[in-house]
Structure formats: structure tokens, C-alpha cells
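Just final_39.cif here, mmCIF, C-alpha atoms:
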```
data_protein
loop_
_atom_site.label_atom_id
_atom_site.label_comp_id
_atom_site.auth_asym_id
_atom_site.auth_seq_id
_atom_site.Cartn_x
_atom_site.Cartn_y
_atom_site.Cartn_z
CA MET I 1 -84.97 -53.80 -70.39
CA GLU I 2 -83.72 -55.05 -67.00
CA ALA I 3 -81.23 -52.21 -66.83
CA TYR I 4 -83.96 -49.74 -67.66
CA LYS I 5 -86.10 -51.09 -64.79
CA LYS I 6 -83.19 -50.84 -62.38
CA LEU I 7 -82.51 -47.28 -63.41
CA PHE I 8 -86.16 -46.42 -62.99
CA SER I 9 -86.34 -47.81 -59.45
CA SER I 10 -83.13 -46.10 -58.38
CA ILE I 11 -84.45 -42.81 -59.72
CA ILE I 12 -87.58 -43.26 -57.61
CA VAL I 13 -85.61 -44.14 -54.49
CA PHE I 14 -83.36 -41.16 -55.08
CA LEU I 15 -86.38 -38.85 -55.55
CA CYS I 16 -87.90 -40.21 -52.37
CA ILE I 17 -84.77 -39.43 -50.35
CA LEU I 18 -84.31 -36.05 -52.01
CA VAL I 19 -87.89 -34.98 -51.42
CA THR I 20 -88.43 -36.13 -47.88
CA GLY I 21 -84.94 -35.38 -46.60
CA CYS I 22 -85.56 -37.90 -43.86
CA ALA I 23 -85.63 -41.23 -45.64
CA VAL I 24 -81.90 -41.54 -45.00
CA SER I 25 -82.11 -40.87 -41.24
CA PRO I 26 -81.81 -44.01 -39.14
CA PRO I 27 -84.64 -44.44 -36.61
CA TYR I 28 -84.18 -42.74 -33.25
CA ASN I 29 -82.88 -44.98 -30.47
CA TYR I 30 -85.93 -45.20 -28.23
CA THR I 31 -84.47 -47.68 -25.71
CA GLU I 32 -84.41 -45.25 -22.77
CA LEU I 33 -87.81 -43.73 -23.59
CA GLN I 34 -89.44 -47.17 -23.82
CA LYS I 35 -87.83 -48.18 -20.54
CA ALA I 36 -88.87 -45.03 -18.66
CA LYS I 37 -92.43 -44.72 -20.12
CA PRO I 38 -93.04 -41.20 -18.77
CA ARG I 39 -96.68 -40.14 -18.34
CA SER I 40 -96.17 -36.46 -17.58
CA ILE I 41 -93.95 -33.76 -19.07
CA LEU I 42 -92.95 -30.49 -17.44
CA VAL I 43 -91.83 -27.90 -19.99
CA ILE I 44 -89.30 -25.56 -18.41
CA PRO I 45 -89.43 -22.06 -19.96
CA PRO I 46 -86.77 -22.16 -22.71
CA GLN I 47 -83.22 -20.92 -22.40
CA ASN I 48 -82.93 -18.01 -24.83
CA ASN I 49 -79.75 -17.73 -26.91
CA THR I 50 -81.15 -14.95 -29.08
CA VAL I 51 -81.92 -11.24 -28.57
CA GLU I 52 -85.66 -11.77 -29.16
CA VAL I 53 -87.01 -11.34 -25.63
CA ASN I 54 -90.40 -12.90 -26.39
CA ALA I 55 -88.98 -16.03 -28.06
CA PRO I 56 -89.13 -18.35 -24.99
CA TYR I 57 -92.75 -17.52 -24.31
CA ILE I 58 -93.92 -17.67 -27.92
CA PHE I 59 -92.28 -21.09 -28.08
CA LEU I 60 -94.00 -22.04 -24.81
CA SER I 61 -97.41 -21.12 -26.27
CA THR I 62 -96.91 -23.63 -29.11
CA ILE I 63 -95.50 -26.69 -27.30
CA SER I 64 -98.40 -27.93 -25.11
CA MET I 65 -100.65 -28.92 -28.00
CA PRO I 66 -98.35 -31.37 -29.84
CA LEU I 67 -97.10 -32.95 -26.57
CA ALA I 68 -100.62 -33.40 -25.19
CA GLU I 69 -101.99 -34.65 -28.51
CA LYS I 70 -99.12 -37.17 -28.52
CA GLY I 71 -100.68 -38.55 -25.34
CA TYR I 72 -98.75 -36.98 -22.45
CA TYR I 73 -99.94 -35.01 -19.45
CA VAL I 74 -98.42 -31.54 -19.91
CA TYR I 75 -98.29 -29.26 -16.88
CA PRO I 76 -99.88 -25.84 -17.54
CA VAL I 77 -96.90 -23.93 -18.94
CA SER I 78 -97.70 -20.45 -17.68
CA VAL I 79 -98.85 -21.61 -14.23
CA ILE I 80 -95.52 -23.44 -13.91
CA ASP I 81 -93.70 -20.29 -15.06
CA ALA I 82 -95.56 -18.21 -12.45
CA PHE I 83 -94.89 -20.84 -9.77
CA LEU I 84 -91.15 -20.86 -10.51
CA LYS I 85 -91.05 -17.04 -10.51
CA GLU I 86 -92.83 -16.94 -7.13
CA ASN I 87 -90.19 -19.33 -5.82
CA GLY I 88 -87.24 -17.07 -6.52
CA LEU I 89 -86.44 -18.08 -10.10
CA PRO I 90 -87.18 -14.93 -12.13
CA THR I 91 -85.66 -15.95 -15.48
CA PRO I 92 -85.60 -19.04 -17.73
CA ALA I 93 -81.83 -19.25 -17.20
CA GLU I 94 -82.37 -19.82 -13.47
CA MET I 95 -85.37 -22.10 -14.02
CA ASN I 96 -83.21 -24.37 -16.19
CA SER I 97 -80.86 -25.03 -13.28
CA VAL I 98 -83.44 -26.42 -10.81
CA PRO I 99 -82.28 -29.91 -9.68
CA LEU I 100 -84.35 -32.77 -11.12
CA ASP I 101 -85.05 -34.37 -7.73
CA LYS I 102 -86.57 -31.07 -6.58
CA ILE I 103 -88.83 -31.00 -9.66
CA ARG I 104 -89.90 -34.57 -9.02
CA GLU I 105 -90.55 -33.90 -5.34
CA VAL I 106 -92.49 -30.62 -5.68
CA ILE I 107 -94.27 -31.07 -9.03
CA GLY I 108 -94.22 -34.84 -9.53
CA ALA I 109 -93.24 -34.72 -13.21
CA ASP I 110 -91.89 -37.94 -14.77
CA ALA I 111 -89.90 -36.03 -17.36
CA VAL I 112 -88.71 -32.50 -18.05
CA LEU I 113 -88.46 -30.93 -21.49
CA TYR I 114 -85.46 -28.61 -21.66
CA VAL I 115 -85.50 -26.23 -24.60
CA SER I 116 -82.84 -23.94 -26.06
CA ILE I 117 -83.78 -21.26 -28.55
CA ASN I 118 -80.94 -20.93 -31.06
CA ASP I 119 -82.43 -18.57 -33.63
CA TRP I 120 -85.69 -16.66 -33.73
CA GLY I 121 -87.54 -13.86 -35.52
CA GLN I 122 -87.21 -11.83 -38.67
CA LYS I 123 -83.97 -11.72 -40.62
CA TYR I 124 -83.54 -8.72 -42.88
CA SER I 125 -81.30 -8.61 -45.86
CA VAL I 126 -81.16 -6.11 -48.72
CA LEU I 127 -83.37 -8.17 -50.98
CA SER I 128 -85.75 -9.91 -48.64
CA SER I 129 -86.84 -10.60 -45.13
CA GLU I 130 -87.61 -14.01 -43.77
CA THR I 131 -88.83 -15.39 -40.48
CA VAL I 132 -86.96 -18.20 -38.74
CA VAL I 133 -87.45 -20.35 -35.65
CA ASN I 134 -84.85 -22.81 -34.43
CA ALA I 135 -84.96 -24.59 -31.09
CA THR I 136 -83.46 -27.77 -29.67
CA MET I 137 -85.36 -29.83 -27.11
CA ARG I 138 -84.23 -32.55 -24.72
CA LEU I 139 -86.59 -34.78 -22.75
CA VAL I 140 -84.95 -35.92 -19.51
CA ASP I 141 -86.11 -38.48 -16.90
CA THR I 142 -86.52 -36.77 -13.51
CA ARG I 143 -85.66 -39.99 -11.62
CA THR I 144 -82.41 -40.82 -13.39
CA GLY I 145 -81.40 -37.73 -15.35
CA VAL I 146 -81.15 -39.93 -18.45
CA LEU I 147 -81.87 -38.39 -21.85
CA LEU I 148 -85.08 -39.99 -23.18
CA TRP I 149 -85.53 -38.15 -26.49
CA ASP I 150 -84.21 -35.09 -28.25
CA ALA I 151 -85.04 -33.18 -31.40
CA LYS I 152 -84.56 -29.97 -33.29
CA ALA I 153 -87.58 -27.85 -34.22
CA SER I 154 -86.86 -25.37 -36.95
CA GLY I 155 -88.56 -23.61 -39.81
CA THR I 156 -88.26 -20.69 -42.21
CA TYR I 157 -90.97 -18.53 -43.69
CA ASN I 158 -90.20 -16.34 -46.67
CA PRO I 159 -93.04 -14.24 -48.08
CA ASN I 160 -90.91 -13.17 -51.10
CA SER I 161 -91.49 -16.29 -53.11
CA ASN I 162 -92.06 -14.61 -56.48
CA ASN I 163 -90.77 -11.38 -57.93
CA GLY I 164 -91.66 -10.45 -61.46
CA GLY I 165 -90.55 -6.82 -61.42
CA GLY I 166 -86.78 -7.07 -61.79
CA LEU I 167 -84.40 -5.61 -59.23
CA ILE I 168 -86.58 -2.61 -58.35
CA GLY I 169 -89.54 -4.92 -57.88
CA VAL I 170 -87.43 -7.04 -55.56
CA LEU I 171 -86.31 -4.05 -53.54
CA VAL I 172 -89.85 -2.72 -53.23
CA GLY I 173 -90.98 -6.20 -52.26
CA ALA I 174 -88.36 -6.37 -49.50
CA VAL I 175 -89.33 -2.97 -48.11
CA VAL I 176 -93.05 -3.75 -48.22
CA ASN I 177 -92.50 -7.09 -46.55
CA GLN I 178 -90.31 -5.57 -43.87
CA ILE I 179 -92.94 -2.95 -43.08
CA ALA I 180 -95.76 -5.46 -43.16
CA GLY I 181 -93.67 -7.96 -41.22
CA SER I 182 -93.13 -5.53 -38.38
CA VAL I 183 -96.88 -5.62 -37.80
CA ILE I 184 -97.48 -9.33 -38.31
CA ASP I 185 -95.25 -11.71 -36.37
CA HIS I 186 -95.14 -15.07 -38.13
CA THR I 187 -93.14 -16.83 -35.39
CA PRO I 188 -96.18 -18.29 -33.53
CA GLU I 189 -97.48 -20.22 -36.60
CA LEU I 190 -93.95 -21.16 -37.64
CA SER I 191 -93.03 -22.34 -34.14
CA SER I 192 -96.25 -24.34 -33.94
CA ALA I 193 -95.57 -26.02 -37.29
CA ALA I 194 -91.93 -26.74 -36.36
CA ASN I 195 -92.92 -28.31 -33.03
CA ILE I 196 -95.60 -30.49 -34.61
CA ALA I 197 -93.13 -31.62 -37.30
CA ALA I 198 -90.44 -32.45 -34.70
CA ILE I 199 -92.76 -34.32 -32.33
CA TYR I 200 -94.62 -36.21 -35.07
CA ALA I 201 -91.62 -36.92 -37.34
CA ALA I 202 -91.56 -40.51 -38.62
CA LYS I 203 -88.85 -42.58 -36.90
CA GLN I 204 -87.46 -39.51 -35.09
CA GLY I 205 -90.49 -38.08 -33.30
CA LEU I 206 -91.70 -38.65 -29.77
CA LEU I 207 -93.38 -41.99 -29.06
CA ALA I 208 -97.06 -41.94 -28.09
CA GLY I 209 -97.86 -41.35 -24.41
CA PRO I 210 -100.52 -42.91 -22.14
CA TYR I 211 -103.42 -40.69 -23.29
CA ALA I 212 -102.89 -41.33 -27.01
CA PRO I 213 -105.76 -43.04 -28.84
CA VAL I 214 -105.02 -46.76 -29.22
CA SER I 215 -104.72 -46.60 -33.03
CA SER I 216 -101.84 -44.11 -32.87
CA THR I 217 -99.77 -46.08 -30.35
CA VAL I 218 -98.95 -48.75 -32.93
CA GLN I 219 -95.63 -47.59 -34.33
CA MET Y 1 -91.58 -53.14 -62.28
CA ASN Y 2 -94.89 -52.76 -64.03
CA PHE Y 3 -97.00 -49.68 -64.45
CA LYS Y 4 -99.10 -50.36 -61.34
CA GLN Y 5 -96.04 -50.72 -59.12
CA ALA Y 6 -94.59 -47.52 -60.50
CA LEU Y 7 -97.86 -45.72 -59.86
CA PHE Y 8 -97.91 -47.00 -56.28
CA LEU Y 9 -94.35 -45.81 -55.67
CA PHE Y 10 -95.21 -42.42 -57.09
CA SER Y 11 -98.18 -42.12 -54.75
CA VAL Y 12 -95.98 -43.08 -51.79
CA VAL Y 13 -93.51 -40.40 -52.82
CA SER Y 14 -96.29 -37.82 -53.15
CA VAL Y 15 -97.68 -38.66 -49.74
CA LEU Y 16 -94.22 -38.38 -48.16
CA MET Y 17 -93.72 -35.11 -49.98
CA LEU Y 18 -96.99 -33.59 -48.83
CA SER Y 19 -96.63 -34.74 -45.28
CA GLY Y 20 -93.00 -33.67 -44.98
CA CYS Y 21 -92.35 -37.19 -43.70
CA ALA Y 22 -94.49 -36.63 -40.61
CA SER Y 23 -97.99 -37.86 -39.95
CA ALA Y 24 -100.45 -35.11 -39.12
CA PRO Y 25 -101.83 -35.19 -35.58
CA LYS Y 26 -105.49 -35.93 -35.06
CA SER Y 27 -107.01 -33.73 -32.39
CA THR Y 28 -108.07 -35.48 -29.20
CA TYR Y 29 -108.74 -32.30 -27.23
CA TYR Y 30 -110.69 -29.12 -27.89
CA TRP Y 31 -108.03 -26.38 -27.66
CA GLY Y 32 -110.11 -23.28 -28.38
CA GLY Y 33 -108.05 -20.14 -27.72
CA TYR Y 34 -105.58 -21.66 -25.23
CA GLU Y 35 -102.43 -21.16 -27.34
CA LYS Y 36 -103.31 -17.56 -28.20
CA LEU Y 37 -104.12 -16.89 -24.56
CA ILE Y 38 -100.65 -18.09 -23.46
CA HIS Y 39 -99.07 -16.04 -26.27
CA ASP Y 40 -100.94 -12.86 -25.32
CA MET Y 41 -100.19 -13.24 -21.58
CA TYR Y 42 -96.52 -12.65 -22.34
CA VAL Y 43 -96.44 -10.67 -25.56
CA ASP Y 44 -99.33 -8.30 -24.79
CA PRO Y 45 -100.05 -8.74 -21.05
CA GLY Y 46 -102.17 -5.58 -20.76
CA SER Y 47 -104.73 -7.10 -23.13
CA ILE Y 48 -105.53 -10.14 -21.04
CA ASP Y 49 -106.16 -9.75 -17.29
CA PRO Y 50 -107.44 -12.66 -15.14
CA ALA Y 51 -111.11 -11.72 -15.74
CA ILE Y 52 -110.66 -11.91 -19.53
CA GLN Y 53 -108.74 -15.19 -19.22
CA ILE Y 54 -111.49 -16.69 -17.04
CA ALA Y 55 -114.13 -15.67 -19.58
CA GLN Y 56 -112.13 -17.24 -22.44
CA LEU Y 57 -111.25 -20.46 -20.58
CA THR Y 58 -114.77 -21.08 -19.28
CA GLY Y 59 -116.06 -20.41 -22.83
CA ASP Y 60 -113.59 -22.97 -24.24
CA ILE Y 61 -114.51 -25.56 -21.59
CA GLN Y 62 -118.19 -25.07 -22.43
CA GLN Y 63 -117.48 -25.42 -26.15
CA ALA Y 64 -115.47 -28.60 -25.50
CA GLN Y 65 -118.49 -30.06 -23.67
CA ASN Y 66 -120.80 -29.03 -26.51
CA ASN Y 67 -118.47 -30.84 -28.92
CA SER Y 68 -118.21 -33.89 -26.60
CA GLN Y 69 -114.43 -33.39 -26.63
CA PRO Y 70 -112.21 -33.32 -23.53
CA SER Y 71 -110.44 -30.11 -22.51
CA PRO Y 72 -106.66 -30.39 -22.79
CA PRO Y 73 -104.29 -31.00 -19.87
CA GLY Y 74 -103.61 -27.81 -17.92
CA VAL Y 75 -106.73 -25.86 -18.85
CA HIS Y 76 -108.58 -26.43 -15.56
CA ALA Y 77 -105.38 -25.78 -13.57
CA HIS Y 78 -104.80 -22.56 -15.51
CA LEU Y 79 -108.39 -21.49 -14.83
CA GLY Y 80 -107.96 -22.38 -11.14
CA TYR Y 81 -104.84 -20.24 -10.99
CA MET Y 82 -106.71 -17.28 -12.53
CA TYR Y 83 -109.49 -17.63 -9.94
CA SER Y 84 -106.85 -17.69 -7.19
CA LEU Y 85 -105.38 -14.42 -8.53
CA GLN Y 86 -108.85 -12.94 -8.10
CA GLY Y 87 -109.03 -14.27 -4.53
CA ASN Y 88 -111.87 -16.66 -5.39
CA VAL Y 89 -110.80 -19.65 -3.27
CA GLU Y 90 -113.95 -21.69 -3.86
CA LEU Y 91 -113.87 -21.70 -7.66
CA SER Y 92 -110.08 -21.94 -7.69
CA THR Y 93 -110.19 -25.07 -5.52
CA ALA Y 94 -112.94 -26.59 -7.67
CA GLU Y 95 -110.92 -26.12 -10.88
CA PHE Y 96 -107.71 -27.45 -9.34
CA LEU Y 97 -109.57 -30.55 -8.16
CA GLU Y 98 -111.11 -31.00 -11.62
CA GLU Y 99 -107.61 -30.99 -13.15
CA LYS Y 100 -106.51 -33.64 -10.66
CA LYS Y 101 -109.59 -35.77 -11.34
CA LEU Y 102 -109.11 -35.65 -15.13
CA PHE Y 103 -105.34 -36.08 -15.00
CA PRO Y 104 -104.07 -37.90 -11.87
CA GLU Y 105 -100.47 -37.13 -13.02
CA SER Y 106 -101.09 -33.57 -11.79
CA ALA Y 107 -101.76 -34.69 -8.18
CA SER Y 108 -98.48 -33.59 -6.52
CA PHE Y 109 -98.53 -30.25 -8.27
CA ILE Y 110 -102.23 -29.58 -7.56
CA ASP Y 111 -101.94 -30.65 -3.90
CA GLY Y 112 -99.06 -28.21 -3.53
CA MET Y 113 -101.07 -25.38 -5.11
CA LEU Y 114 -104.02 -26.10 -2.78
CA MET Y 115 -101.77 -26.26 0.28
CA ARG Y 116 -100.08 -22.97 -0.55
CA ALA Y 117 -103.47 -21.34 -1.23
CA LYS Y 118 -104.59 -22.37 2.28
CA GLU Y 119 -101.43 -20.96 3.83
CA HIS Y 120 -102.16 -17.58 2.24
CA LEU Y 121 -105.59 -17.36 3.90
#
```

Is it possible to give me this structure as C-alpha cells?
Amino acid sequence: MEAYKKLFSSIIVFLCILVTGCAVSPPYNYTELQKAKPRSILVIPPQNNTVEVNAPYIFLSTISMPLAEKGYYVYPVSVIDAFLKENGLPTPAEMNSVPLDKIREVIGADAVLYVSINDWGQKYSVLSSETVVNATMRLVDTRTGVLLWDAKASGTYNPNSNNGGGLIGVLVGAVVNQIAGSVIDHTPELSSAANIAAIYAAKQGLLAGPYAPVSSTVQ
Amino acid sequence: MNFKQALFLFSVVSVLMLSGCASAPKSTYYWGGYEKLIHDMYVDPGSIDPAIQIAQLTGDIQQAQNNSQPSPPGVHAHLGYMYSLQGNVELSTAEFLEEKKLFPESASFIDGMLMRAKEHL
């Protein structure tokens, strides 16, 4: 009976790890973040490592909400973009190379969020099409240049979840989805979900900022 | 392990499963159409000139007040910037100052925007 109980609990623990995929991750090392306690975050328009020209700005439209709801002051992303463009930095690549002391002096941000887009948009294959987003983000202290927090935000959306019609049904499904998909871009919702998941992840997410409701600051 | 403990563990597992191991954010701010507005500015810029943005943002700010919810960081500064693109210095200044009042972290940035706006006059 004892052995049976042990087996039962290990099955549950195993299921837990399998299902959540994050039970095995050790907690993030928040030492630097807790020391720096940033109040404000400047999101620099992302560095784009894909051919999807709109990726940096679709990402940008989905990052303010989770950061602000986490309790941080987030500078208005498109006003910052316009400001940087007016100051001789026409592309995200150039914006990402502005020295931190300059950012602190001119904008006053405590921390900068640097983002790289690694993969983005619709992927077509013979049998299906799926939408992916994949970005890495690094929060850096503007006073010291120290890394405060980093995370990966990624997600996949596949509309072809069931196919009852054999191979022809699958092929028709892929074509229909590709045509439909060219009209509807799923990356905004997917990017939004990926950013919320990354910023709110248990033990790995961003710690609550100064505007967070008191109940949520207890970690 | 008795039945109750097993049941508890199963519920913990289900909760973790549903939440994807992340706790869902509760909304502090009223966001309205802000995210879509940013998206459209870049993806479909012809559809959203400063006048349309001003109408949407002022509508969202009004709705936030009706809901007794604060407007998110950046919304008043964004609105101020749209007014400045229209050459409306008075309303632009008012919105920039509102951003600074609500979020003192924005002070350096807002002061810079106001200073540069003056220089352009």
C-alpha cells in the first residue's frame, strides 16, 4: 500500500511538471532588479531579425499593457519612436545603439527594455500554415548598464487543429487557411498573449513595480 | 495520501494547466483602443491621422472617467503629441502636463517635449 501511495504521488508530480513545463525551472535571480527598483521603463523599438517589416511595431503595440499593469511607468511607445526618429535615428537598429547615459539624461528612464524579434508571422508548409511570434527582451538599468531581468516571449497559433477529410481534406484546409490567413493577421493577439505570459510567469516573470496594487506585490 | 489530498493535488494541477503557470493580470487601467491605435499607426497609417487619434483617445479618457478607472501611462502624452502635430499648443501643453501630474516619472521627458515645442514657435 505504501508503494502504491508513493507511485501515485510521483505520477502526480510528474504530471504537474509535464503539464506546466515550468515547474522544473528554478526561480529567476532577482537580486539586481530588487536592488535597482526601477519605476519607469522605456521600450526601445525592437531590433528586427526577421523579414516581417511590421514585426517591431506590432510587438510595440502589445508591450505597454502588461508592463504598465505590472506597475511600471511606461513611456508612450510611439511618441518615443517619433522622438528618436526626429533626432536622427530613423530605424530600430540605430535606436538600439543610443548610449544609456543619454537616455537617462534626455528621457529620465530608470530602465530600458531592449527587444529582439527572432521569428514572426505566418509559416507555410504543404499541409498547414501556422502563425509564430518569438522575441527576447532584456531590461537594463540606465544608471549602471546592469541586466535587471530578461525573458523570452513566444507563441504559436495553428488553426488546423482537426482534419477529418483525409489527405485531400488536409490540403484543402491548408489552402483555405493560407488564403484566410493572408487577410487576418493573428500576430497582434499572439504577441499580446506571449508578452503577458512572459511578464506574468510564476518565478520567471517581472516583479511588480511601484504602481501595482498592494495585493499583487506580495510574491 | 487520502482521497481529499489527491483531489487537492489534482485541482492544483488543473489550475496550473489552465493558467499556463502564469497568473492572469487584473486590469488597473482602462485601455480602450490604445493598443489597436498603436498597431494601426504603423500597419495602416493612412487610416488613422491625428484628428482620428485625438477623437479615439479623448473618447477613451472619457470612458475611463465614467468607469472610475485611471487612464494608462502614456495616453495623455500621446494625446498631447497628436495635438502638437495639429499645431494646437494650448491643448498639447495641457495634456503633457496632465501626464506629468499623473506620472511624475515622465517629468524629464515631458519637460523636454514642452521646451522643444516652445522653440518651434

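Within 7 Å of chain Y, chain I contributes the residues I:Lys5, I:Cys16, I:Val19, I:Thr20, I:Cys22, I:Ser40, I:Asn54, I:Tyr57, I:Ile58, I:Ser61, I:Thr62, I:Ala68, I:Glu69, I:Tyr73, I:Val74, I:Tyr75, I:Pro76, I:Ser78, I:Val79, I:Val106, I:Ile107, I:Gly108, I:Ala197, I:Tyr200, I:Ala201, I:Ala202, using only C-alpha atoms.
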
Picked residues, the PyMOL selection byres ((chain Y and resi 53-62) around 8), as a ChimeraX atom specification: /Y:30-34,37,48-52,63-66,71,75,79,82-83

Residue IDs satisfying the PyMOL selection byres ((chain I and resi 39) around 7), as a VMD selection string: chain I and resid 37 to 38 40 to 41 72 to 73 110 209 to 210

Minimum-distance residue to Val43 of chain I, chosen among I:Val133, I:Ile199, I:Leu147, I:Leu60 (using all atoms listed in the file): I:Leu60

Atom CA of Phe59 of chain I to atom CA of Pro159 of chain I, distance in Å rounded to a single decimal: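 Atom CA of Pro159 of chain I lies 21.2 Å from atom CA of Phe59 of chain I.
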
Counting all atoms listed in the file, the option among Y:Pro45, Y:Asn67, Y:Leu102, Y:Glu119 closest to Val89 of chain Y: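 For Val89 of chain Y, the nearest of the candidates is Y:Glu119.
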
With N, CA, C and O atoms as the goal, would you fill in the gaps in segment 34-45 of chain I and present it as a PDB file, in the coordinates of the input?
```
ATOM      1  N   GLN I  34     -88.554 -46.008 -24.015  1.00  0.00           N
ATOM      2  CA  GLN I  34     -89.440 -47.170 -23.820  1.00  0.00           C
ATOM      3  C   GLN I  34     -89.281 -47.763 -22.427  1.00  0.00           C
ATOM      4  O   GLN I  34     -90.228 -48.278 -21.856  1.00  0.00           O
ATOM      5  N   LYS I  35     -88.073 -47.654 -21.883  1.00  0.00           N
ATOM      6  CA  LYS I  35     -87.830 -48.180 -20.540  1.00  0.00           C
ATOM      7  C   LYS I  35     -88.500 -47.287 -19.489  1.00  0.00           C
ATOM      8  O   LYS I  35     -89.119 -47.762 -18.554  1.00  0.00           O
ATOM      9  N   ALA I  36     -88.388 -45.967 -19.680  1.00  0.00           N
ATOM     10  CA  ALA I  36     -88.870 -45.030 -18.660  1.00  0.00           C
ATOM     11  C   ALA I  36     -90.389 -44.827 -18.725  1.00  0.00           C
ATOM     12  O   ALA I  36     -91.030 -44.581 -17.708  1.00  0.00           O
ATOM     13  N   LYS I  37     -90.981 -44.921 -19.933  1.00  0.00           N
ATOM     14  CA  LYS I  37     -92.430 -44.720 -20.120  1.00  0.00           C
ATOM     15  C   LYS I  37     -92.993 -43.547 -19.315  1.00  0.00           C
ATOM     16  O   LYS I  37     -93.875 -43.739 -18.460  1.00  0.00           O
ATOM     17  N   PRO I  38     -92.517 -42.332 -19.541  1.00  0.00           N
ATOM     18  CA  PRO I  38     -93.040 -41.200 -18.770  1.00  0.00           C
ATOM     19  C   PRO I  38     -94.519 -40.938 -19.108  1.00  0.00           C
ATOM     20  O   PRO I  38     -94.944 -41.184 -20.241  1.00  0.00           O
ATOM     21  N   ARG I  39     -95.275 -40.490 -18.120  1.00  0.00           N
ATOM     22  CA  ARG I  39     -96.680 -40.140 -18.340  1.00  0.00           C
ATOM     23  C   ARG I  39     -96.861 -38.623 -18.409  1.00  0.00           C
ATOM     24  O   ARG I  39     -97.782 -38.121 -19.034  1.00  0.00           O
ATOM     25  N   SER I  40     -95.972 -37.910 -17.699  1.00  0.00           N
ATOM     26  CA  SER I  40     -96.170 -36.460 -17.580  1.00  0.00           C
ATOM     27  C   SER I  40     -94.892 -35.717 -17.963  1.00  0.00           C
ATOM     28  O   SER I  40     -93.783 -36.178 -17.706  1.00  0.00           O
ATOM     29  N   ILE I  41     -95.085 -34.572 -18.604  1.00  0.00           N
ATOM     30  CA  ILE I  41     -93.950 -33.760 -19.070  1.00  0.00           C
ATOM     31  C   ILE I  41     -94.087 -32.341 -18.532  1.00  0.00           C
ATOM     32  O   ILE I  41     -95.136 -31.699 -18.680  1.00  0.00           O
ATOM     33  N   LEU I  42     -93.017 -31.876 -17.891  1.00  0.00           N
ATOM     34  CA  LEU I  42     -92.950 -30.490 -17.440  1.00  0.00           C
ATOM     35  C   LEU I  42     -92.065 -29.724 -18.420  1.00  0.00           C
ATOM     36  O   LEU I  42     -90.900 -30.084 -18.609  1.00  0.00           O
ATOM     37  N   VAL I  43     -92.625 -28.703 -19.055  1.00  0.00           N
ATOM     38  CA  VAL I  43     -91.830 -27.900 -19.990  1.00  0.00           C
ATOM     39  C   VAL I  43     -91.265 -26.710 -19.210  1.00  0.00           C
ATOM     40  O   VAL I  43     -92.014 -25.859 -18.733  1.00  0.00           O
ATOM     41  N   ILE I  44     -89.951 -26.688 -19.068  1.00  0.00           N
ATOM     42  CA  ILE I  44     -89.300 -25.560 -18.410  1.00  0.00           C
ATOM     43  C   ILE I  44     -89.215 -24.409 -19.412  1.00  0.00           C
ATOM     44  O   ILE I  44     -88.884 -24.652 -20.580  1.00  0.00           O
ATOM     45  N   PRO I  45     -89.548 -23.174 -19.015  1.00  0.00           N
ATOM     46  CA  PRO I  45     -89.430 -22.060 -19.960  1.00  0.00           C
ATOM     47  C   PRO I  45     -88.050 -22.053 -20.635  1.00  0.00           C
ATOM     48  O   PRO I  45     -87.026 -22.181 -19.963  1.00  0.00           O
TER      49      PRO I  45
END
```
